[in-house]
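Source file my_file-v3.cif; content: mmCIF, C-alpha atoms.
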```cif
data_entry
#
loop_
_atom_site.group_PDB
_atom_site.id
_atom_site.type_symbol
_atom_site.label_atom_id
_atom_site.label_comp_id
_atom_site.auth_asym_id
_atom_site.auth_seq_id
_atom_site.Cartn_x
_atom_site.Cartn_y
_atom_site.Cartn_z
ATOM 1 C CA MET A 27 17.900 -10.487 -15.533
ATOM 2 C CA THR A 28 21.136 -8.518 -15.554
ATOM 3 C CA GLU A 29 22.171 -5.510 -13.525
ATOM 4 C CA HIS A 30 22.029 -3.485 -16.739
ATOM 5 C CA ASP A 31 18.381 -4.526 -17.268
ATOM 6 C CA ASP A 32 17.571 -3.514 -13.697
ATOM 7 C CA HIS A 33 19.175 -0.143 -14.216
ATOM 8 C CA GLN A 34 17.166 0.389 -17.411
ATOM 9 C CA ILE A 35 13.838 -0.408 -15.784
ATOM 10 C CA ARG A 36 14.714 1.804 -12.793
ATOM 11 C CA GLU A 37 15.452 4.708 -15.119
ATOM 12 C CA ALA A 38 12.293 4.132 -17.131
ATOM 13 C CA LEU A 39 10.193 4.099 -13.953
ATOM 14 C CA GLN A 40 11.839 7.230 -12.615
ATOM 15 C CA GLN A 41 11.012 9.024 -15.853
ATOM 16 C CA ALA A 42 7.457 7.674 -15.917
ATOM 17 C CA PHE A 43 6.900 8.866 -12.351
ATOM 18 C CA PRO A 44 8.462 12.320 -11.977
ATOM 19 C CA PRO A 45 9.642 13.384 -8.516
ATOM 20 C CA VAL A 46 6.892 14.625 -6.230
ATOM 21 C CA ASN A 47 7.059 17.640 -3.971
ATOM 22 C CA THR A 48 6.803 15.985 -0.574
ATOM 23 C CA LYS A 49 6.434 19.195 1.394
ATOM 24 C CA LEU A 50 3.111 19.275 3.227
ATOM 25 C CA ARG A 51 1.003 22.188 1.957
ATOM 26 C CA ARG A 52 -1.036 22.806 5.123
ATOM 27 C CA ASP A 53 -1.304 21.879 8.754
ATOM 28 C CA LEU A 54 -3.513 18.792 9.072
ATOM 29 C CA TRP A 55 -4.218 19.154 12.795
ATOM 30 C CA PRO A 56 -7.515 21.097 12.326
ATOM 31 C CA ALA A 57 -8.842 18.429 9.926
ATOM 32 C CA LEU A 58 -7.778 15.722 12.329
ATOM 33 C CA LEU A 59 -9.445 17.495 15.242
ATOM 34 C CA ARG A 60 -12.712 17.684 13.272
ATOM 35 C CA LYS A 61 -12.463 13.968 12.578
ATOM 36 C CA LEU A 62 -11.794 13.214 16.232
ATOM 37 C CA ASP A 63 -14.783 15.323 17.291
ATOM 38 C CA ALA A 64 -17.055 13.643 14.761
ATOM 39 C CA ALA A 65 -16.037 10.113 15.757
ATOM 40 C CA PRO A 66 -18.542 8.492 18.114
ATOM 41 C CA ALA A 67 -17.127 7.667 21.518
ATOM 42 C CA SER A 68 -16.400 3.956 21.644
ATOM 43 C CA VAL A 69 -17.623 1.932 24.593
ATOM 44 C CA PRO A 70 -14.826 -0.232 26.020
ATOM 45 C CA TRP A 71 -15.391 -3.999 26.161
ATOM 46 C CA TYR A 72 -15.459 -4.109 29.937
ATOM 47 C CA ASP A 73 -18.430 -1.715 29.980
ATOM 48 C CA TRP A 74 -20.306 -4.081 27.677
ATOM 49 C CA ALA A 75 -19.320 -6.979 29.926
ATOM 50 C CA LEU A 76 -20.643 -5.129 32.982
ATOM 51 C CA ILE A 77 -23.934 -4.357 31.215
ATOM 52 C CA GLY A 78 -24.257 -8.004 30.183
ATOM 53 C CA LEU A 79 -23.521 -9.208 33.710
ATOM 54 C CA THR A 80 -26.045 -6.807 35.244
ATOM 55 C CA ALA A 81 -28.718 -7.825 32.738
ATOM 56 C CA SER A 82 -28.076 -11.513 33.504
ATOM 57 C CA VAL A 83 -28.369 -10.907 37.257
ATOM 58 C CA PHE A 84 -31.679 -9.069 36.787
ATOM 59 C CA LEU A 85 -32.950 -11.867 34.574
ATOM 60 C CA PHE A 86 -32.341 -14.529 37.234
ATOM 61 C CA PHE A 87 -33.028 -12.350 40.299
ATOM 62 C CA PRO A 88 -35.677 -9.802 39.222
ATOM 63 C CA GLN A 89 -36.269 -8.750 42.850
ATOM 64 C CA TRP A 90 -32.795 -7.118 42.808
ATOM 65 C CA ILE A 91 -34.038 -4.549 40.310
ATOM 66 C CA LEU A 92 -35.781 -2.730 43.150
ATOM 67 C CA VAL A 93 -32.637 -2.815 45.302
ATOM 68 C CA PHE A 94 -30.627 -1.517 42.351
ATOM 69 C CA ALA A 95 -33.169 1.243 41.597
ATOM 70 C CA TYR A 96 -33.133 2.290 45.266
ATOM 71 C CA HIS A 97 -29.382 2.786 45.155
ATOM 72 C CA LEU A 98 -29.394 4.769 41.910
ATOM 73 C CA MET B 19 6.448 12.255 31.897
ATOM 74 C CA ASP B 20 7.706 12.004 28.336
ATOM 75 C CA LEU B 21 5.644 12.810 25.289
ATOM 76 C CA LEU B 22 5.087 9.247 24.034
ATOM 77 C CA ARG B 23 3.965 8.029 27.437
ATOM 78 C CA ARG B 24 1.501 10.925 27.741
ATOM 79 C CA PHE B 25 0.218 10.154 24.240
ATOM 80 C CA ALA B 26 -0.274 6.472 25.122
ATOM 81 C CA LEU B 27 -2.322 7.600 28.138
ATOM 82 C CA GLY B 28 -4.585 9.566 25.795
ATOM 83 C CA GLU B 29 -3.473 13.140 26.478
ATOM 84 C CA ILE B 30 -4.690 15.196 23.530
ATOM 85 C CA ASP B 31 -1.988 17.862 23.974
ATOM 86 C CA ALA B 32 0.709 15.216 23.650
ATOM 87 C CA PHE B 33 -0.980 13.867 20.544
ATOM 88 C CA GLU B 34 -1.159 17.352 19.007
ATOM 89 C CA THR B 35 2.572 17.801 19.574
ATOM 90 C CA LEU B 36 3.251 14.441 17.918
ATOM 91 C CA VAL B 37 1.003 15.288 14.967
ATOM 92 C CA ARG B 38 2.797 18.571 14.364
ATOM 93 C CA GLN B 39 6.127 16.781 14.639
ATOM 94 C CA TYR B 40 5.355 13.828 12.352
ATOM 95 C CA GLN B 41 2.587 14.891 9.949
ATOM 96 C CA GLY B 42 5.071 16.032 7.291
ATOM 97 C CA GLU B 43 6.989 12.776 7.442
ATOM 98 C CA VAL B 44 3.833 10.643 7.265
ATOM 99 C CA TYR B 45 2.487 12.737 4.370
ATOM 100 C CA ALA B 46 5.753 12.473 2.428
ATOM 101 C CA TRP B 47 5.819 8.694 2.873
ATOM 102 C CA ILE B 48 2.235 8.274 1.674
ATOM 103 C CA LEU B 49 2.734 10.683 -1.224
ATOM 104 C CA ARG B 50 5.722 8.677 -2.448
ATOM 105 C CA ILE B 51 3.387 5.694 -2.742
ATOM 106 C CA VAL B 52 0.122 7.205 -4.023
ATOM 107 C CA ARG B 53 1.656 10.194 -5.880
ATOM 108 C CA ASP B 54 -1.410 12.404 -5.484
ATOM 109 C CA PRO B 55 -1.174 15.272 -2.948
ATOM 110 C CA GLY B 56 -4.918 15.422 -2.229
ATOM 111 C CA ILE B 57 -5.197 11.695 -1.611
ATOM 112 C CA ALA B 58 -1.980 11.749 0.416
ATOM 113 C CA GLU B 59 -3.426 14.457 2.693
ATOM 114 C CA ASP B 60 -6.636 12.488 3.249
ATOM 115 C CA LEU B 61 -4.695 9.319 3.984
ATOM 116 C CA THR B 62 -2.388 11.207 6.353
ATOM 117 C CA VAL B 63 -5.373 12.446 8.375
ATOM 118 C CA GLU B 64 -6.786 8.911 8.400
ATOM 119 C CA THR B 65 -3.405 7.515 9.490
ATOM 120 C CA LEU B 66 -3.088 9.998 12.352
ATOM 121 C CA TRP B 67 -6.661 9.288 13.418
ATOM 122 C CA ARG B 68 -5.979 5.543 13.495
ATOM 123 C CA ILE B 69 -2.806 6.191 15.439
ATOM 124 C CA TYR B 70 -4.823 8.030 18.072
ATOM 125 C CA ARG B 71 -7.431 5.293 18.243
ATOM 126 C CA ALA B 72 -4.729 2.648 18.626
ATOM 127 C CA ARG B 73 -2.745 4.617 21.244
ATOM 128 C CA HIS B 74 -3.388 1.943 23.897
ATOM 129 C CA ARG B 75 -1.453 -0.550 21.803
ATOM 130 C CA PHE B 76 1.583 1.719 21.403
ATOM 131 C CA ARG B 77 4.585 0.927 23.587
ATOM 132 C CA PRO B 78 6.059 4.261 24.761
ATOM 133 C CA ASP B 79 9.583 2.864 24.404
ATOM 134 C CA GLY B 80 8.881 1.987 20.759
ATOM 135 C CA ASN B 81 9.638 3.873 17.558
ATOM 136 C CA PHE B 82 6.715 6.207 16.849
ATOM 137 C CA ALA B 83 7.848 7.121 13.320
ATOM 138 C CA ALA B 84 8.183 3.479 12.272
ATOM 139 C CA TRP B 85 4.788 2.650 13.773
ATOM 140 C CA ALA B 86 3.207 5.586 11.935
ATOM 141 C CA ARG B 87 4.868 4.534 8.670
ATOM 142 C CA ARG B 88 3.471 1.032 8.983
ATOM 143 C CA ILE B 89 -0.091 2.274 9.530
ATOM 144 C CA ALA B 90 0.359 4.748 6.662
ATOM 145 C CA THR B 91 1.640 2.023 4.341
ATOM 146 C CA ASN B 92 -1.308 -0.234 5.123
ATOM 147 C CA LEU B 93 -3.702 2.583 4.297
ATOM 148 C CA ALA B 94 -1.846 3.407 1.091
ATOM 149 C CA LEU B 95 -1.950 -0.280 0.136
ATOM 150 C CA ASP B 96 -5.712 -0.393 0.708
ATOM 151 C CA HIS B 97 -6.058 2.702 -1.437
ATOM 152 C CA LEU B 98 -4.019 1.183 -4.284
ATOM 153 C CA ARG B 99 -6.028 -2.033 -4.067
ATOM 154 C CA SER B 100 -9.320 -0.170 -4.321
ATOM 155 C CA LYS B 101 -8.167 2.051 -7.157
ATOM 156 C CA ARG B 102 -5.886 -0.372 -8.940
ATOM 157 C CA LEU B 103 -7.632 -0.323 -12.271
ATOM 158 C CA GLN B 104 -9.229 3.105 -12.246
ATOM 159 C CA ARG B 105 -6.857 5.706 -10.977
ATOM 160 C CA SER B 106 -4.118 7.489 -12.824
ATOM 161 C CA PHE B 107 -0.953 8.802 -11.300
ATOM 162 C CA VAL B 108 -0.957 12.569 -11.171
ATOM 163 C CA ALA B 109 2.313 14.381 -11.352
ATOM 164 C CA GLU B 110 2.725 16.912 -8.555
ATOM 165 C CA PRO B 111 2.792 20.423 -10.062
ATOM 166 C CA GLY B 112 5.920 21.216 -8.065
ATOM 167 C CA GLY B 113 7.681 18.148 -9.414
ATOM 168 C CA GLU B 114 10.199 18.544 -12.195
ATOM 169 C CA PRO B 115 9.792 15.985 -14.989
ATOM 170 C CA GLN B 116 13.188 14.645 -15.929
ATOM 171 C CA PRO B 117 13.819 15.508 -19.557
ATOM 172 C CA ASP B 118 14.693 12.528 -21.668
ATOM 173 C CA PRO B 119 14.157 12.731 -25.416
ATOM 174 C CA LEU B 120 14.491 8.978 -25.747
ATOM 175 C CA LEU B 121 11.536 8.205 -23.575
ATOM 176 C CA GLN B 122 8.496 9.494 -25.368
ATOM 177 C CA ARG B 123 5.310 10.558 -23.664
ATOM 178 C CA GLU B 124 3.463 7.569 -25.049
ATOM 179 C CA ALA B 125 6.045 5.181 -23.650
ATOM 180 C CA ARG B 126 5.810 6.889 -20.252
ATOM 181 C CA GLU B 127 2.056 6.432 -20.227
ATOM 182 C CA LYS B 128 2.427 2.773 -21.133
ATOM 183 C CA ILE B 129 4.901 2.281 -18.316
ATOM 184 C CA GLN B 130 2.502 3.949 -15.867
ATOM 185 C CA GLN B 131 -0.330 1.811 -17.196
ATOM 186 C CA ALA B 132 1.698 -1.385 -16.813
ATOM 187 C CA PHE B 133 2.800 -0.337 -13.343
ATOM 188 C CA ARG B 134 -0.794 0.244 -12.221
ATOM 189 C CA ARG B 135 -1.647 -3.304 -13.214
ATOM 190 C CA LEU B 136 0.835 -4.736 -10.729
ATOM 191 C CA PRO B 137 -0.548 -6.139 -7.466
ATOM 192 C CA ALA B 138 -0.645 -3.382 -4.825
ATOM 193 C CA LYS B 139 2.071 -4.961 -2.667
ATOM 194 C CA LEU B 140 4.437 -5.123 -5.628
ATOM 195 C CA GLN B 141 3.593 -1.545 -6.608
ATOM 196 C CA VAL B 142 4.487 -0.242 -3.155
ATOM 197 C CA ALA B 143 7.754 -2.180 -2.985
ATOM 198 C CA ALA B 144 8.819 -1.180 -6.504
ATOM 199 C CA MET B 145 7.764 2.455 -6.135
ATOM 200 C CA LEU B 146 9.624 2.946 -2.867
ATOM 201 C CA ALA B 147 12.704 0.948 -3.853
ATOM 202 C CA LEU B 148 13.178 1.799 -7.526
ATOM 203 C CA VAL B 149 11.550 5.200 -8.007
ATOM 204 C CA GLU B 150 12.007 6.752 -4.569
ATOM 205 C CA GLU B 151 15.186 4.826 -3.707
ATOM 206 C CA GLN B 152 14.204 4.388 -0.069
ATOM 207 C CA PRO B 153 16.330 2.034 2.057
ATOM 208 C CA TYR B 154 15.151 -1.588 1.893
ATOM 209 C CA ASP B 155 15.099 -1.811 5.671
ATOM 210 C CA ASP B 156 12.686 1.133 5.934
ATOM 211 C CA ILE B 157 10.423 -0.355 3.274
ATOM 212 C CA ALA B 158 10.496 -3.745 4.996
ATOM 213 C CA ASP B 159 9.650 -2.143 8.325
ATOM 214 C CA ALA B 160 6.737 -0.244 6.820
ATOM 215 C CA LEU B 161 5.399 -3.357 5.111
ATOM 216 C CA GLY B 162 5.907 -5.509 8.188
ATOM 217 C CA THR B 163 8.242 -7.888 6.398
ATOM 218 C CA SER B 164 11.958 -8.532 5.863
ATOM 219 C CA ALA B 165 14.332 -6.692 3.528
ATOM 220 C CA ALA B 166 14.826 -9.984 1.657
ATOM 221 C CA ALA B 167 11.068 -10.246 1.085
ATOM 222 C CA VAL B 168 11.006 -6.682 -0.254
ATOM 223 C CA LYS B 169 13.803 -7.556 -2.692
ATOM 224 C CA VAL B 170 11.776 -10.535 -3.883
ATOM 225 C CA ARG B 171 8.742 -8.285 -4.410
ATOM 226 C CA VAL B 172 10.815 -5.782 -6.362
ATOM 227 C CA PHE B 173 12.284 -8.585 -8.470
ATOM 228 C CA ARG B 174 8.803 -9.933 -9.207
ATOM 229 C CA ALA B 175 7.511 -6.458 -10.013
ATOM 230 C CA VAL B 176 10.342 -5.866 -12.483
ATOM 231 C CA ARG B 177 9.817 -9.240 -14.128
ATOM 232 C CA ILE B 178 6.045 -8.694 -14.557
ATOM 233 C CA LEU B 179 6.599 -5.126 -15.684
ATOM 234 C CA ARG B 180 9.123 -6.190 -18.288
ATOM 235 C CA ARG B 181 6.731 -8.828 -19.645
ATOM 236 C CA GLN B 182 3.836 -6.343 -19.808
ATOM 237 C CA LEU B 183 5.955 -3.676 -21.460
ATOM 238 C CA ARG B 184 7.108 -6.152 -24.073
ATOM 239 C CA ARG B 185 3.455 -6.934 -24.773
ATOM 240 C CA LEU B 186 2.721 -3.193 -25.079
ATOM 241 C CA GLY B 187 5.636 -2.780 -27.443
ATOM 242 C CA VAL B 188 7.782 -0.723 -25.084
ATOM 243 C CA ARG B 189 11.426 -1.463 -24.507
ATOM 244 C CA PRO B 190 12.842 0.515 -21.583
#
```
Written as structure tokens, how would this file's structure read?
Amino acid sequence: MTEHDDHQIREALQQAFPPVNTKLRRDLWPALLRKLDAAPASVPWYDWALIGLTASVFLFFPQWILVFAYHL
Amino acid sequence: MDLLRRFALGEIDAFETLVRQYQGEVYAWILRIVRDPGIAEDLTVETLWRIYRARHRFRPDGNFAAWARRIATNLALDHLRSKRLQRSFVAEPGGEPQPDPLLQREAREKIQQAFRRLPAKLQVAAMLALVEEQPYDDIADALGTSAAAVKVRVFRAVRILRRQLRRLGVRP
């Protein structure tokens, strides 16, 4: 493939895909804010780990449930 | 504390400032790839949302614009992959078609058609390098690869395109 061929294909592509107006038509912050509000809050992994650990402790030492409930 | 550090800590005000500063740049980058203003806007919002969700992974001494471009490019790639065979490129109303009597409308459509059949990664590389004439280093950064790899993709895209155009009876 020669440089001339490359130039031809570049020109053909540029004509097939006219320049686009890249100026943003509106502020996207409000749309983004809506999306952020709608997104469910994610629970971090360490919270899940803590829940799992607590559940395991209660499974092996059920009498601790009362102690735990007292301190709630 | 500087803006990027405050953003990484999750301060919404810092994020808003960054959005207002970079939304135009992210939109322009995506639009150059997908060439549809409506889709580019949606993908820009999605990109900025993902940026916010991934703020913990951002290094405040890093390049925010480059990071945003990479996330934007991945989203644009996903979009091209999902729409590869269905969508058509829409010319932006504000865009000026370059007059060329030699290249007929039919030939243009065939070129677009052949281009859409390229694998998404080749489409992105060829669109940004050949049509938009973006620097190879920027394209490589956005695609998470090297400039040499981008050149290979462009070369492959041109070769496939040339073969397909020959089959369609178009000689650029």
Using all atoms listed in the file, tabulate the residues of chain A lying at most 10 Å from any atom of chain B, each with its closest atom pair and that distance in Å to one decimal, by chain and increasing residue number, as a tab-separated table.
```
residue	atom	partner	partner_atom	distance
A:Met27	CA	B:Arg177	CA	8.3
A:Asp31	CA	B:Pro190	CA	8.6
A:Asp32	CA	B:Val176	CA	7.7
A:His33	CA	B:Leu148	CA	9.2
A:Gln34	CA	B:Pro190	CA	6.0
A:Ile35	CA	B:Pro190	CA	6.0
A:Arg36	CA	B:Leu148	CA	5.5
A:Glu37	CA	B:Val149	CA	8.1
A:Ala38	CA	B:Pro190	CA	5.8
A:Leu39	CA	B:Val149	CA	6.2
A:Gln40	CA	B:Val149	CA	5.0
A:Gln41	CA	B:Gln116	CA	6.0
A:Ala42	CA	B:Arg126	CA	4.7
A:Phe43	CA	B:Ala109	CA	7.2
A:Pro44	CA	B:Pro115	CA	4.9
A:Pro45	CA	B:Gly113	CA	5.2
A:Val46	CA	B:Gly113	CA	4.8
A:Asn47	CA	B:Gly113	CA	5.5
A:Thr48	CA	B:Ala46	CA	4.7
A:Lys49	CA	B:Gly42	CA	6.8
A:Leu50	CA	B:Gly42	CA	5.6
A:Arg51	CA	B:Pro55	CA	8.8
A:Arg52	CA	B:Glu59	CA	9.0
A:Asp53	CA	B:Arg38	CA	7.7
A:Leu54	CA	B:Val63	CA	6.6
A:Trp55	CA	B:Val37	CA	6.8
A:Pro56	CA	B:Val63	CA	9.7
A:Ala57	CA	B:Val63	CA	7.1
A:Leu58	CA	B:Val63	CA	5.7
A:Leu59	CA	B:Trp67	CA	8.9
A:Lys61	CA	B:Trp67	CA	7.5
A:Leu62	CA	B:Trp67	CA	7.0
A:Ala65	CA	B:Trp67	CA	9.7
A:Ser68	CA	B:Arg71	CA	9.7
```
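Take CA of Val52 in chain B and CA of Leu186 in chain B: the distance between them is 23.6 Å.
Once the PyMOL selection byres ((chain B and resi 135) around 12) is applied to this file, the selection holds Leu98, Arg99, Lys101, Arg102, Leu103, Gln104, Arg105, Ser106, Lys128, Ile129, Gln130, Gln131, Ala132, Phe133, Arg134, Leu136, Pro137, Ala138, Lys139, Leu140, Gln141, Ala175, Ile178, Leu179, Arg181, Gln182 and Leu183 of chain B.
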> Suppose you want the space between CA of Val188 in chain B and CA of Val142 in chain B; what is it in Å?
Replying inline: 22.2 Å
> Neighbours of Arg23 in chain B within 10 Å (only C-alpha atoms; same-chain residues fewer than 4 positions away dropped), as JSON, numbers by chain?
Replying inline: {"B": [19, 27, 28, 29, 32, 73, 76, 77, 78, 79]}
